[in-house]
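Below is one structure, written out as structure tokens, with a few remarks after it.
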Amino acid sequence: MSHLTKVQQWLAENDYDIAYVSDYKNIQYFTGFGSDPIERVLALFIFPDKDPFIFVPPREVGSVKESGWEYPVFGYLDHEDAFALIKSHINALAGNPKK
């Protein structure tokens, strides 16, 4: 059982809608993708019943895919509102998570 699957099961068992992981070392633990984006947003979102996704700076999108990550990866440009984009991706996948 993968680390991601364990989190998904825990979310389902505890009635949570989503997990947000922002520490780059934890993201590497869960995904196999390693990067320290310094002052940029790098995040992993895990759902109990949907595919997880990674949100990264644009220069990292290719690296995430090359690392073997088989789920969605979304990038953003510096002039874009990263958190508004994250919200739109979450809403597209999971509606409006409450917990």
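Residue numbering restarts at 1 in every chain; chains get A, B, ... in the order shown in the structure tokens, and ligands count up from 1 in that same order.
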Counting only C-alpha atoms, what is within 9 Å of Val41 (chain A), bar same-chain residues fewer than 3 positions away, as an mmCIF file with N, CA, C and O atoms, in the first residue's frame?
data_model
loop_
_atom_site.group_PDB
_atom_site.id
_atom_site.type_symbol
_atom_site.label_atom_id
_atom_site.label_comp_id
_atom_site.auth_asym_id
_atom_site.auth_seq_id
_atom_site.Cartn_x
_atom_site.Cartn_y
_atom_site.Cartn_z
ATOM 1 N N SER A 22 2.338 20.911 2.293
ATOM 2 C CA SER A 22 3.119 21.991 1.703
ATOM 3 C C SER A 22 4.622 21.891 1.977
ATOM 4 O O SER A 22 5.396 22.602 1.351
ATOM 5 N N PRO A 37 11.233 24.703 -3.698
ATOM 6 C CA PRO A 37 10.883 25.837 -4.550
ATOM 7 C C PRO A 37 11.227 27.198 -3.953
ATOM 8 O O PRO A 37 10.885 28.228 -4.513
ATOM 9 N N ILE A 38 11.867 27.237 -2.817
ATOM 10 C CA ILE A 38 12.274 28.446 -2.118
ATOM 11 C C ILE A 38 11.043 29.274 -1.767
ATOM 12 O O ILE A 38 10.357 28.918 -0.839
ATOM 13 N N PHE A 55 0.727 20.902 -7.221
ATOM 14 C CA PHE A 55 0.719 22.263 -7.730
ATOM 15 C C PHE A 55 2.134 22.805 -7.574
ATOM 16 O O PHE A 55 2.666 22.822 -6.464
ATOM 17 N N VAL A 56 2.759 23.197 -8.687
ATOM 18 C CA VAL A 56 4.176 23.558 -8.684
ATOM 19 C C VAL A 56 4.456 24.809 -9.513
ATOM 20 O O VAL A 56 3.658 25.186 -10.363
ATOM 21 N N PRO A 57 5.626 25.413 -9.283
ATOM 22 C CA PRO A 57 6.068 26.470 -10.189
ATOM 23 C C PRO A 57 6.206 25.905 -11.602
ATOM 24 O O PRO A 57 6.472 24.701 -11.776
ATOM 25 N N ALA A 82 -1.648 32.180 -7.282
ATOM 26 C CA ALA A 82 -1.506 30.736 -7.096
ATOM 27 C C ALA A 82 -2.663 30.151 -6.285
ATOM 28 O O ALA A 82 -3.179 29.072 -6.619
ATOM 29 N N PHE A 83 -3.076 30.850 -5.244
ATOM 30 C CA PHE A 83 -4.111 30.281 -4.380
ATOM 31 C C PHE A 83 -5.489 30.306 -5.033
ATOM 32 O O PHE A 83 -6.309 29.416 -4.790
#
Item checked: Those of chain A in DSSP helix (DSSP H, G or I), formatted as an MDAnalysis selection string -> chainID A and resid 3:13 24:31 58:66 82:94
Item checked: Å distance separating CA of Ala84 (chain A) from CA of Lys98 (chain A), one decimal place ->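 A separation of 16.8 Å between them.
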Checklist line | Residues flagged strand (DSSP E or B) by DSSP in region 4-89 of chain A, as a VMD selection string | finding: chain A and resid 19 to 21 43 to 46 53 to 56 73 to 75
Next item on the list: Find the residues near Leu11 (chain A): any atom within 12 Å, counting only C-alpha atoms, skip ones fewer than 5 places away on the same chain, and give them as number ranges by chain.
Entry: A: 4-6, 16-20, 45-50, 99
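Minimum atom-to-atom distances from A:Asn96, A:Glu66, A:Gln8, A:Ile86 to Leu42 (chain A) were compared using only C-alpha atoms, and the lowest value belongs to A:Ile86.
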Item checked: Distance of CA of Tyr71 (chain A) from CA of Lys87 (chain A), expressed in Å to one decimal place ->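 Result for CA of Lys87 (chain A) versus CA of Tyr71 (chain A): 17.6 Å, one decimal.
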Could you pull the residues within 9 Å of Asp23 (chain A), counting only C-alpha atoms, minus those fewer than 4 positions along the same chain, as a PDB file with N, CA and C atoms, in the first residue's frame?
ATOM      1  N   ILE A  27       6.267  16.252   0.674  1.00  0.00           N
ATOM      2  CA  ILE A  27       5.802  16.033  -0.698  1.00  0.00           C
ATOM      3  C   ILE A  27       6.672  14.972  -1.362  1.00  0.00           C
ATOM      4  N   GLN A  28       7.977  15.038  -1.155  1.00  0.00           N
ATOM      5  CA  GLN A  28       8.865  14.027  -1.719  1.00  0.00           C
ATOM      6  C   GLN A  28       8.556  12.647  -1.142  1.00  0.00           C
ATOM      7  N   ASP A  36      12.911  21.956  -3.830  1.00  0.00           N
ATOM      8  CA  ASP A  36      12.748  23.014  -2.829  1.00  0.00           C
ATOM      9  C   ASP A  36      12.488  24.297  -3.600  1.00  0.00           C
ATOM     10  N   LEU A  42       4.562  25.226  -3.625  1.00  0.00           N
ATOM     11  CA  LEU A  42       4.647  23.816  -3.985  1.00  0.00           C
ATOM     12  C   LEU A  42       3.700  23.116  -3.033  1.00  0.00           C
ATOM     13  N   ALA A  43       2.729  22.398  -3.570  1.00  0.00           N
ATOM     14  CA  ALA A  43       1.726  21.787  -2.700  1.00  0.00           C
ATOM     15  C   ALA A  43       1.205  20.487  -3.297  1.00  0.00           C
ATOM     16  N   LEU A  44       0.813  19.605  -2.393  1.00  0.00           N
ATOM     17  CA  LEU A  44       0.195  18.333  -2.750  1.00  0.00           C
ATOM     18  C   LEU A  44      -1.180  18.302  -2.112  1.00  0.00           C
TER      19      LEU A  44
END
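For the residues A:Phe33, A:Arg40, A:Gln9, A:Ser88, ranking by smallest atom-to-atom distance to Gly62 (chain A) using only C-alpha atoms places A:Phe33 first.
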